[in-house]
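*Asks:* To start, I am sharing the structure in question, which I have written as structure tokens.
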Amino acid sequence: MMKFRILAPLLKTFFIINLVAFSAYTHAVPSFARQTGLECAACHVGAFGPQLTPHGMHFKLGGYTETDGKEGKIPVAAMLVEGFTHTNKSLTEDAQPHFGKNDNLSLQELSIFLAGRMTDHIGTFIQVTGNDFDQRFGMDNMDIRFADSKPISGKNLTYGISINNNPTIQDPFNTLSGWIFPYMASELAPGPEASPFINGALEQQVIGVSAYGFYDDHFYAELGGYKTLSRSIRNKLNVGEDGRLDGIAPYWRLTYFNDMTEQNFRVGLFGMSSRLQPEFMSGPTDNYRDIGVDAAYQYMGTKEHIFTISTSYINERRTLNNAFDGGGASHLHGTLKRFDLAGSYTYKNTYGVTAAVFDIRGNQDDTLYNNGEADSGSINGSPNSRGYILQADWTPWGKENSWGAPFANMRLGIQYTGYTKFNGAKNDYDGLGRDAKDNNTTFIFAWFAI
């Protein structure tokens with residue numbers, strides 16, 4: 001594989017050239033917009049990013065296969081995100097290799113997508129990503145779908161199969177971890193030590209297959225399972241190695257959705273059960289059982305004013321057989337709970353503001369959470385963290401009549417994350433004098449897609 005430090009500047013140059021060269025054509029990932037002949041705002045709130053409209057949800061459920069009937073469209077897109085990260089207090093050590101302790105400018109993401117219709121019933125969303133931190137490209141999110149529909153008792157049933165590598169990434173609703181706000185966040189700022197297992201612990205390290213059905217445009221059900229990729233495959237794909245699942249980890253999802261044209265809402269349940277062998281060691285497993293509820297309401301009106309509010313709550317029960325036997329945890333059993341709530345307003349799919357709160361809490365464990373490292377860990381062995389996120393963004397390109405459509409898509413944003421508690425305490429959470437507010441983070445980003 002070509003070194004990232006050599007390839008990245010070439011791809012950035014290619015990205016900018018294409019952004020300018022193709023801007024003369026008329027009409028996300030932008031390959032979906034080119035495929036359907038629709039503006040990005042038809043499927044995405046704010047004309048850009050993961051937050052979906054009802055049309056976008058149906059497009060995903062239909063296997064990314066909707067088309068305007070015109071041939072010769074290549075299902076390839078690219079994305080580039082540049083970011084600047086400032087924390088209230090500089091870190092004790094460098095935020096990442098090749099970066100400093102604070103005020104870091106970085107290439108947050110450089111992604112290439114194979115995204116779009118392959119056949120009448122098969123579509124893909126495959127992402128390969130590199131950044132300044134790892135200095136290499138690796139497999140990111142993948143969702144390959146087969147989908148079809150048929151009438152049952154006078155009602156339509158859309159059904160399909162998803163092959164994906166990140167639990168919840170295949171979900172069509174923006175309330176689970178795969179697509180939850182913030183849709184873009186800094187990789188160079190400290191984050192809470194704990195979060196439920198379903199929230200990203202297995203991303204890109206597994207392969208999963210799930211079957212789903214969406215009946216009468218109201219009832220969504222999904223059932224699937226995940227298995228760990230082999231070490232050799234993970235090395236080839238340049239993805240992490242956080243252990244191995246013992247057998248299949250089942251995943252399930254139930255949702256009621258109601259689209260009333262100008263407004264829509266959904267409520268759902270979801271869950272996953274995982275048995276993990278840390279470090280690929282045989283023997284006892286650490287068992288995680290996650291069950292959650294989620295809900296969202298969206299007002300679209302005339303699409304000039306769009307309001308969205310979404311929330312989710314996860315209750316995780318765990319039995320740490322491996323960690324407890326090996327001295328990595330003080331308690332065999334424990335719980336971890338996470339609550340998220342976000343509300344956003346978008347004006348003319350151009351100007352957006354979002355406010356969110358989060359709360360993570362669980363039982364105390366002096367060994368599991370106290371790693372004794374500066375800036376991280378919990379001196380009192382508590383995983384409890386809570387805070388808020390505020391974001392304002394401007395999306396000048398990405399609408400049907402905006403400059404360079406459909407190739408030029410851009411969002412500029414500023415995001416502030418504040419902590420009222422971090423890893424169990426408001427003050428001196430790591431025993432070395434660092435307070436929760438010291439990790440408050442300002443993140444400024446420029447997000448491009450072609």
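Here, A, B, ... name the chains of the structure tokens in the order displayed, residue numbers run from 1 inside each chain, and ligands are numbered from 1 in the same displayed order.
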Taking the DSSP assignment computed from this structure's backbone, write out as a list in words all residues of stretch 281-442 of chain A that belong to helix (DSSP H, G or I).
*Replies:*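 Result set for stretch 281-442 of chain A (helix (DSSP H, G or I)): Asn321, Asn322, Ala323, Phe324, Asp325, Ala436, Lys437, Asp438 and Asn439 of chain A.
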*Asks:* Mind checking which residues fall within 10 Å of A:Leu91, counting only C-alpha atoms, ignoring those fewer than 2 positions away in the same chain, and posting them as a PyMOL selection string?
*Replies:* chain A and resi 87-89+93-95+100-102+189-190+374-376+434+438-439
*Asks:* Stretch 45-48 of chain A: which residues within 9 Å, counting only C-alpha atoms, same-chain residues fewer than 4 positions away excluded, as a PyMOL selection string?
*Replies:* chain A and resi 28-30+39-41+52-53+306+346-352+394-395+397-399+409-411+449
*Asks:* Could you check the closest approach to A:Phe173 for each of A:Ser344, A:Asn363, A:Thr255, A:Thr85 and tell me which residue wins, using only C-alpha atoms?
*Replies:*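 Looking only at the distances to A:Phe173, the closest residue turns out to be A:Thr255.
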*Asks:* So that I can see what lies close to A:Thr228, please list as a PDB file with N, CA, C and O atoms, in the first residue's frame the residues with an atom at most 9 Å from it, counting only C-alpha atoms and leaving out residues fewer than 3 positions away in the same chain.
*Replies:*
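Written out: selection36.pdb:
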ATOM      1  N   LEU A 202     -17.102  -2.370  17.965  1.00  0.00           N
ATOM      2  CA  LEU A 202     -16.814  -3.387  16.945  1.00  0.00           C
ATOM      3  C   LEU A 202     -16.637  -2.796  15.549  1.00  0.00           C
ATOM      4  O   LEU A 202     -16.430  -3.555  14.591  1.00  0.00           O
ATOM      5  N   GLN A 205     -14.299  -4.030  12.491  1.00  0.00           N
ATOM      6  CA  GLN A 205     -13.577  -5.243  12.881  1.00  0.00           C
ATOM      7  C   GLN A 205     -14.401  -6.506  12.689  1.00  0.00           C
ATOM      8  O   GLN A 205     -13.922  -7.607  12.964  1.00  0.00           O
ATOM      9  N   VAL A 206     -15.648  -6.344  12.247  1.00  0.00           N
ATOM     10  CA  VAL A 206     -16.569  -7.473  12.137  1.00  0.00           C
ATOM     11  C   VAL A 206     -17.212  -7.489  10.760  1.00  0.00           C
ATOM     12  O   VAL A 206     -17.126  -6.524   9.999  1.00  0.00           O
ATOM     13  N   ILE A 207     -17.861  -8.585  10.469  1.00  0.00           N
ATOM     14  CA  ILE A 207     -18.717  -8.677   9.293  1.00  0.00           C
ATOM     15  C   ILE A 207     -20.078  -9.154   9.779  1.00  0.00           C
ATOM     16  O   ILE A 207     -20.166 -10.083  10.589  1.00  0.00           O
ATOM     17  N   GLY A 208     -21.119  -8.488   9.336  1.00  0.00           N
ATOM     18  CA  GLY A 208     -22.458  -8.827   9.794  1.00  0.00           C
ATOM     19  C   GLY A 208     -23.422  -8.965   8.637  1.00  0.00           C
ATOM     20  O   GLY A 208     -23.255  -8.347   7.581  1.00  0.00           O
ATOM     21  N   ARG A 231      -7.587 -11.984  11.973  1.00  0.00           N
ATOM     22  CA  ARG A 231      -6.493 -11.034  12.168  1.00  0.00           C
ATOM     23  C   ARG A 231      -5.825 -10.671  10.846  1.00  0.00           C
ATOM     24  O   ARG A 231      -5.463  -9.516  10.615  1.00  0.00           O
ATOM     25  N   GLY A 243      -9.947  -7.393  19.992  1.00  0.00           N
ATOM     26  CA  GLY A 243     -10.351  -8.690  20.519  1.00  0.00           C
ATOM     27  C   GLY A 243     -11.157  -9.469  19.498  1.00  0.00           C
ATOM     28  O   GLY A 243     -11.273  -9.086  18.336  1.00  0.00           O
ATOM     29  N   ARG A 244     -11.743 -10.553  19.961  1.00  0.00           N
ATOM     30  CA  ARG A 244     -12.468 -11.458  19.067  1.00  0.00           C
ATOM     31  C   ARG A 244     -13.796 -11.842  19.702  1.00  0.00           C
ATOM     32  O   ARG A 244     -13.878 -12.183  20.889  1.00  0.00           O
ATOM     33  N   LEU A 245     -14.852 -11.784  18.900  1.00  0.00           N
ATOM     34  CA  LEU A 245     -16.143 -12.251  19.367  1.00  0.00           C
ATOM     35  C   LEU A 245     -16.135 -13.775  19.452  1.00  0.00           C
ATOM     36  O   LEU A 245     -15.624 -14.450  18.558  1.00  0.00           O
ATOM     37  N   ASP A 246     -16.698 -14.285  20.507  1.00  0.00           N
ATOM     38  CA  ASP A 246     -16.862 -15.724  20.651  1.00  0.00           C
ATOM     39  C   ASP A 246     -18.191 -16.106  19.996  1.00  0.00           C
ATOM     40  O   ASP A 246     -19.259 -15.910  20.579  1.00  0.00           O
ATOM     41  N   GLY A 247     -18.120 -16.613  18.780  1.00  0.00           N
ATOM     42  CA  GLY A 247     -19.329 -16.965  18.043  1.00  0.00           C
ATOM     43  C   GLY A 247     -19.972 -15.755  17.402  1.00  0.00           C
ATOM     44  O   GLY A 247     -19.316 -14.778  17.046  1.00  0.00           O
ATOM     45  N   ILE A 248     -21.297 -15.805  17.253  1.00  0.00           N
ATOM     46  CA  ILE A 248     -22.067 -14.755  16.593  1.00  0.00           C
ATOM     47  C   ILE A 248     -22.682 -13.829  17.636  1.00  0.00           C
ATOM     48  O   ILE A 248     -23.236 -14.284  18.643  1.00  0.00           O
TER      49      ILE A 248
END
*Asks:* Determine, counting only C-alpha atoms, which protein, DNA and RNA residues have an atom within 6 Å of an atom of A:Ile144; residues of the same chain fewer than 6 positions away are not included. Present the result as a PyMOL selection string.
*Replies:* chain A and resi 124+162-163
*Asks:* Considering only C-alpha atoms, can you say which of A:Ser310, A:Gln391, A:Asn287, A:Asn104 comes closest to A:Ala323?
*Replies:*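 With only C-alpha atoms as the atom set, the closest residue is A:Asn287.
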*Asks:* In terms of the shortest atom-to-atom distance over only C-alpha atoms, which of A:Ser111, A:Thr417, A:Thr158, A:Gln96 is closest to A:Thr354?
*Replies:*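 Among the listed residues, the smallest separation from A:Thr354 belongs to A:Thr417.
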*Asks:* Which is closer to A:Ser195 than all the others in A:Ile360, A:Met272, A:Ala342, A:Ala425, using only C-alpha atoms?
*Replies:* A:Ile360
*Asks:* Could you pull the residues within 12 Å of A:Pro75, counting only C-alpha atoms, minus those fewer than 2 positions along the same chain, as a tab-separated table (two decimals) with all heavy atoms, in the first residue's frame?
*Replies:*
chain	number	residue	atom	x	y	z
A	29	VAL	N	-23.68	11.05	-0.19
A	29	VAL	CA	-22.51	11.16	-1.02
A	29	VAL	C	-23.06	11.60	-2.36
A	29	VAL	O	-24.10	11.14	-2.80
A	29	VAL	CB	-21.73	9.83	-1.09
A	29	VAL	CG1	-21.05	9.56	0.24
A	29	VAL	CG2	-22.58	8.65	-1.49
A	30	PRO	N	-22.35	12.48	-3.02
A	30	PRO	CA	-22.90	13.08	-4.23
A	30	PRO	C	-23.19	12.07	-5.34
A	30	PRO	O	-23.99	12.36	-6.23
A	30	PRO	CB	-21.81	14.07	-4.65
A	30	PRO	CG	-21.13	14.41	-3.37
A	30	PRO	CD	-21.12	13.14	-2.58
A	31	SER	N	-22.54	10.90	-5.33
A	31	SER	CA	-22.84	9.90	-6.36
A	31	SER	C	-24.30	9.47	-6.29
A	31	SER	O	-24.90	9.12	-7.31
A	31	SER	CB	-21.92	8.69	-6.21
A	31	SER	OG	-22.05	8.09	-4.94
A	32	PHE	N	-24.91	9.48	-5.10
A	32	PHE	CA	-26.33	9.15	-4.98
A	32	PHE	C	-27.18	10.21	-5.67
A	32	PHE	O	-28.18	9.89	-6.33
A	32	PHE	CB	-26.74	9.05	-3.50
A	32	PHE	CG	-26.20	7.84	-2.79
A	32	PHE	CD1	-26.00	7.87	-1.42
A	32	PHE	CD2	-25.89	6.67	-3.47
A	32	PHE	CE1	-25.52	6.76	-0.74
A	32	PHE	CE2	-25.41	5.56	-2.81
A	32	PHE	CZ	-25.22	5.60	-1.44
A	33	ALA	N	-26.83	11.49	-5.51
A	33	ALA	CA	-27.58	12.56	-6.16
A	33	ALA	C	-27.45	12.47	-7.67
A	33	ALA	O	-28.43	12.66	-8.41
A	33	ALA	CB	-27.08	13.92	-5.66
A	34	ARG	N	-26.25	12.16	-8.14
A	34	ARG	CA	-26.07	12.04	-9.58
A	34	ARG	C	-26.85	10.85	-10.13
A	34	ARG	O	-27.37	10.89	-11.25
A	34	ARG	CB	-24.57	11.90	-9.89
A	34	ARG	CG	-23.77	13.15	-9.50
A	34	ARG	CD	-22.36	13.10	-10.03
A	34	ARG	NE	-21.49	12.22	-9.27
A	34	ARG	CZ	-20.76	12.62	-8.22
A	34	ARG	NH1	-20.87	13.85	-7.76
A	34	ARG	NH2	-19.96	11.77	-7.61
A	35	GLN	N	-26.95	9.79	-9.35
A	35	GLN	CA	-27.66	8.59	-9.77
A	35	GLN	C	-29.17	8.83	-9.88
A	35	GLN	O	-29.82	8.38	-10.82
A	35	GLN	CB	-27.39	7.47	-8.77
A	35	GLN	CG	-28.21	6.21	-8.97
A	35	GLN	CD	-27.89	5.18	-7.90
A	35	GLN	OE1	-26.76	4.76	-7.75
A	35	GLN	NE2	-28.91	4.78	-7.14
A	36	THR	N	-29.73	9.56	-8.90
A	36	THR	CA	-31.17	9.75	-8.87
A	36	THR	C	-31.63	10.98	-9.64
A	36	THR	O	-32.82	11.10	-9.96
A	36	THR	CB	-31.65	9.91	-7.41
A	36	THR	OG1	-31.00	11.05	-6.82
A	36	THR	CG2	-31.31	8.66	-6.60
A	64	TYR	N	-30.17	1.54	-2.07
A	64	TYR	CA	-29.39	2.55	-2.83
A	64	TYR	C	-29.57	2.38	-4.34
A	64	TYR	O	-28.66	2.71	-5.11
A	64	TYR	CB	-27.90	2.45	-2.50
A	64	TYR	CG	-27.54	2.41	-1.04
A	64	TYR	CD1	-26.93	1.28	-0.48
A	64	TYR	CD2	-27.78	3.49	-0.20
A	64	TYR	CE1	-26.59	1.23	0.87
A	64	TYR	CE2	-27.44	3.46	1.15
A	64	TYR	CZ	-26.85	2.32	1.68
A	64	TYR	OH	-26.51	2.27	3.01
A	65	THR	N	-30.71	1.90	-4.79
A	65	THR	CA	-30.88	1.55	-6.20
A	65	THR	C	-31.77	2.51	-6.98
A	65	THR	O	-31.87	2.38	-8.21
A	65	THR	CB	-31.45	0.13	-6.35
A	65	THR	OG1	-32.72	0.07	-5.69
A	65	THR	CG2	-30.51	-0.90	-5.73
A	67	THR	N	-33.07	5.34	-9.28
A	67	THR	CA	-32.34	5.97	-10.38
A	67	THR	C	-33.28	6.82	-11.21
A	67	THR	O	-34.50	6.62	-11.18
A	67	THR	CB	-31.68	4.90	-11.26
A	67	THR	OG1	-31.03	5.54	-12.38
A	67	THR	CG2	-32.71	3.92	-11.81
A	71	GLU	N	-28.31	6.18	-18.11
A	71	GLU	CA	-27.18	5.25	-17.99
A	71	GLU	C	-25.85	6.00	-17.93
A	71	GLU	O	-25.76	7.21	-18.16
A	71	GLU	CB	-27.16	4.29	-19.19
A	71	GLU	CG	-28.44	3.47	-19.35
A	71	GLU	CD	-28.64	2.49	-18.22
A	71	GLU	OE1	-27.63	2.06	-17.62
A	71	GLU	OE2	-29.80	2.15	-17.92
A	72	GLY	N	-24.79	5.24	-17.63
A	72	GLY	CA	-23.43	5.77	-17.71
A	72	GLY	C	-22.95	6.53	-16.51
A	72	GLY	O	-21.93	7.23	-16.59
A	73	LYS	N	-23.63	6.43	-15.37
A	73	LYS	CA	-23.21	7.15	-14.18
A	73	LYS	C	-22.31	6.26	-13.32
A	73	LYS	O	-22.64	5.12	-13.04
A	73	LYS	CB	-24.43	7.61	-13.38
A	73	LYS	CG	-25.27	8.60	-14.18
A	73	LYS	CD	-26.49	9.05	-13.41
A	73	LYS	CE	-27.30	10.03	-14.25
A	73	LYS	NZ	-28.52	10.47	-13.54
A	77	ALA	N	-17.55	8.55	-5.32
A	77	ALA	CA	-17.56	9.89	-4.72
A	77	ALA	C	-16.34	10.01	-3.82
A	77	ALA	O	-15.65	9.02	-3.54
A	77	ALA	CB	-18.85	10.13	-3.95
A	78	ALA	N	-16.09	11.23	-3.35
A	78	ALA	CA	-14.95	11.48	-2.45
A	78	ALA	C	-15.34	12.53	-1.42
A	78	ALA	O	-16.24	13.35	-1.65
A	78	ALA	CB	-13.73	11.94	-3.25
A	112	ILE	N	-12.75	7.85	0.00
A	112	ILE	CA	-13.22	7.49	-1.33
A	112	ILE	C	-14.39	6.52	-1.15
A	112	ILE	O	-14.32	5.60	-0.33
A	112	ILE	CB	-12.10	6.81	-2.16
A	112	ILE	CG1	-10.85	7.68	-2.19
A	112	ILE	CG2	-12.60	6.51	-3.57
A	112	ILE	CD1	-11.02	9.01	-2.86
A	113	PHE	N	-15.47	6.72	-1.93
A	113	PHE	CA	-16.67	5.91	-1.80
A	113	PHE	C	-16.98	5.17	-3.10
A	113	PHE	O	-16.86	5.75	-4.19
A	113	PHE	CB	-17.89	6.78	-1.48
A	113	PHE	CG	-17.81	7.54	-0.20
A	113	PHE	CD1	-17.21	8.79	-0.15
A	113	PHE	CD2	-18.35	7.01	0.97
A	113	PHE	CE1	-17.15	9.51	1.03
A	113	PHE	CE2	-18.28	7.72	2.16
A	113	PHE	CZ	-17.69	8.97	2.19
A	114	LEU	N	-17.36	3.92	-2.95
A	114	LEU	CA	-18.06	3.21	-4.01
A	114	LEU	C	-19.50	3.14	-3.54
A	114	LEU	O	-19.85	2.33	-2.68
A	114	LEU	CB	-17.49	1.81	-4.22
A	114	LEU	CG	-18.22	0.93	-5.27
A	114	LEU	CD1	-18.10	1.56	-6.65
A	114	LEU	CD2	-17.68	-0.48	-5.26
A	115	ALA	N	-20.33	4.03	-4.04
A	115	ALA	CA	-21.66	4.22	-3.46
A	115	ALA	C	-22.70	4.40	-4.55
A	115	ALA	O	-22.70	5.42	-5.25
A	115	ALA	CB	-21.66	5.43	-2.53
A	116	GLY	N	-23.57	3.41	-4.68
A	116	GLY	CA	-24.63	3.54	-5.66
A	116	GLY	C	-25.16	2.21	-6.15
A	116	GLY	O	-24.87	1.14	-5.61
A	117	ARG	N	-25.93	2.28	-7.21
A	117	ARG	CA	-26.64	1.15	-7.78
A	117	ARG	C	-25.68	0.25	-8.56
A	117	ARG	O	-24.95	0.70	-9.43
A	117	ARG	CB	-27.73	1.70	-8.71
A	117	ARG	CG	-28.54	0.68	-9.49
A	117	ARG	CD	-29.38	1.45	-10.50
A	117	ARG	NE	-30.20	0.59	-11.34
A	117	ARG	CZ	-31.48	0.34	-11.12
A	117	ARG	NH1	-32.07	0.89	-10.07
A	117	ARG	NH2	-32.17	-0.42	-11.94
A	118	MET	N	-25.70	-1.05	-8.25
A	118	MET	CA	-24.93	-2.03	-9.00
A	118	MET	C	-25.83	-2.80	-9.97
A	118	MET	O	-25.46	-3.05	-11.10
A	118	MET	CB	-24.25	-3.01	-8.04
A	118	MET	CG	-23.27	-2.39	-7.06
A	118	MET	SD	-21.78	-1.73	-7.87
A	118	MET	CE	-22.02	0.03	-7.63
A	119	THR	N	-27.02	-3.20	-9.49
A	119	THR	CA	-28.03	-3.86	-10.33
A	119	THR	C	-29.39	-3.29	-9.91
A	119	THR	O	-29.47	-2.39	-9.07
A	119	THR	CB	-28.04	-5.39	-10.13
A	119	THR	OG1	-28.59	-5.71	-8.84
A	119	THR	CG2	-26.64	-5.97	-10.23
A	123	GLY	N	-27.19	-2.49	-4.20
A	123	GLY	CA	-26.49	-1.22	-4.13
A	123	GLY	C	-25.43	-1.26	-3.04
A	123	GLY	O	-25.44	-2.14	-2.16
A	124	THR	N	-24.53	-0.30	-3.06
A	124	THR	CA	-23.41	-0.30	-2.13
A	124	THR	C	-23.19	1.07	-1.49
A	124	THR	O	-23.49	2.12	-2.08
A	124	THR	CB	-22.10	-0.72	-2.82
A	124	THR	OG1	-21.76	0.29	-3.79
A	124	THR	CG2	-22.23	-2.06	-3.49
A	125	PHE	N	-22.63	1.02	-0.31
A	125	PHE	CA	-22.04	2.18	0.35
A	125	PHE	C	-20.75	1.66	0.98
A	125	PHE	O	-20.76	1.06	2.05
A	125	PHE	CB	-22.98	2.74	1.42
A	125	PHE	CG	-22.40	3.90	2.19
A	125	PHE	CD1	-22.58	5.20	1.76
A	125	PHE	CD2	-21.65	3.69	3.34
A	125	PHE	CE1	-22.03	6.27	2.46
A	125	PHE	CE2	-21.10	4.75	4.06
A	125	PHE	CZ	-21.29	6.04	3.61
A	126	ILE	N	-19.64	1.86	0.29
A	126	ILE	CA	-18.34	1.35	0.74
A	126	ILE	C	-17.38	2.53	0.83
A	126	ILE	O	-17.20	3.26	-0.14
A	126	ILE	CB	-17.78	0.27	-0.21
A	126	ILE	CG1	-18.77	-0.91	-0.30
A	126	ILE	CG2	-16.42	-0.21	0.26
A	126	ILE	CD1	-18.37	-1.95	-1.32
A	127	GLN	N	-16.77	2.69	1.98
A	127	GLN	CA	-15.93	3.86	2.26
A	127	GLN	C	-14.53	3.42	2.69
A	127	GLN	O	-14.37	2.60	3.58
A	127	GLN	CB	-16.58	4.70	3.36
A	127	GLN	CG	-15.81	5.94	3.78
A	127	GLN	CD	-16.49	6.67	4.92
A	127	GLN	OE1	-17.46	6.18	5.50
A	127	GLN	NE2	-15.99	7.85	5.25
A	450	ILE	N	-17.44	15.49	-3.32
A	450	ILE	CA	-17.69	15.59	-4.75
A	450	ILE	C	-18.20	14.24	-5.27
A	450	ILE	O	-17.97	13.21	-4.66
A	450	ILE	CB	-16.42	16.00	-5.54
A	450	ILE	CG1	-15.30	14.96	-5.33
A	450	ILE	CG2	-15.97	17.38	-5.16
A	450	ILE	CD1	-14.11	15.19	-6.22
*Asks:* Excluding stretch 251-254 of chain A and residues on its chain fewer than 4 positions from it, collect all residues at most 6 Å away from it, counting only C-alpha atoms, and give them as a list of chain:residue names.
*Replies:* A:Tyr220, A:Ala221, A:Glu222, A:Leu223, A:Gly224, A:Gly225, A:Gly268, A:Leu269, A:Phe270, A:Gly271, A:Met272
*Asks:* Considering only C-alpha atoms, can you say which of A:Pro182, A:Gly49, A:Gly37, A:Pro192 comes closest to A:Gln415?
*Replies:*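 Counting only C-alpha atoms, the residue closest to A:Gln415 is A:Pro182.
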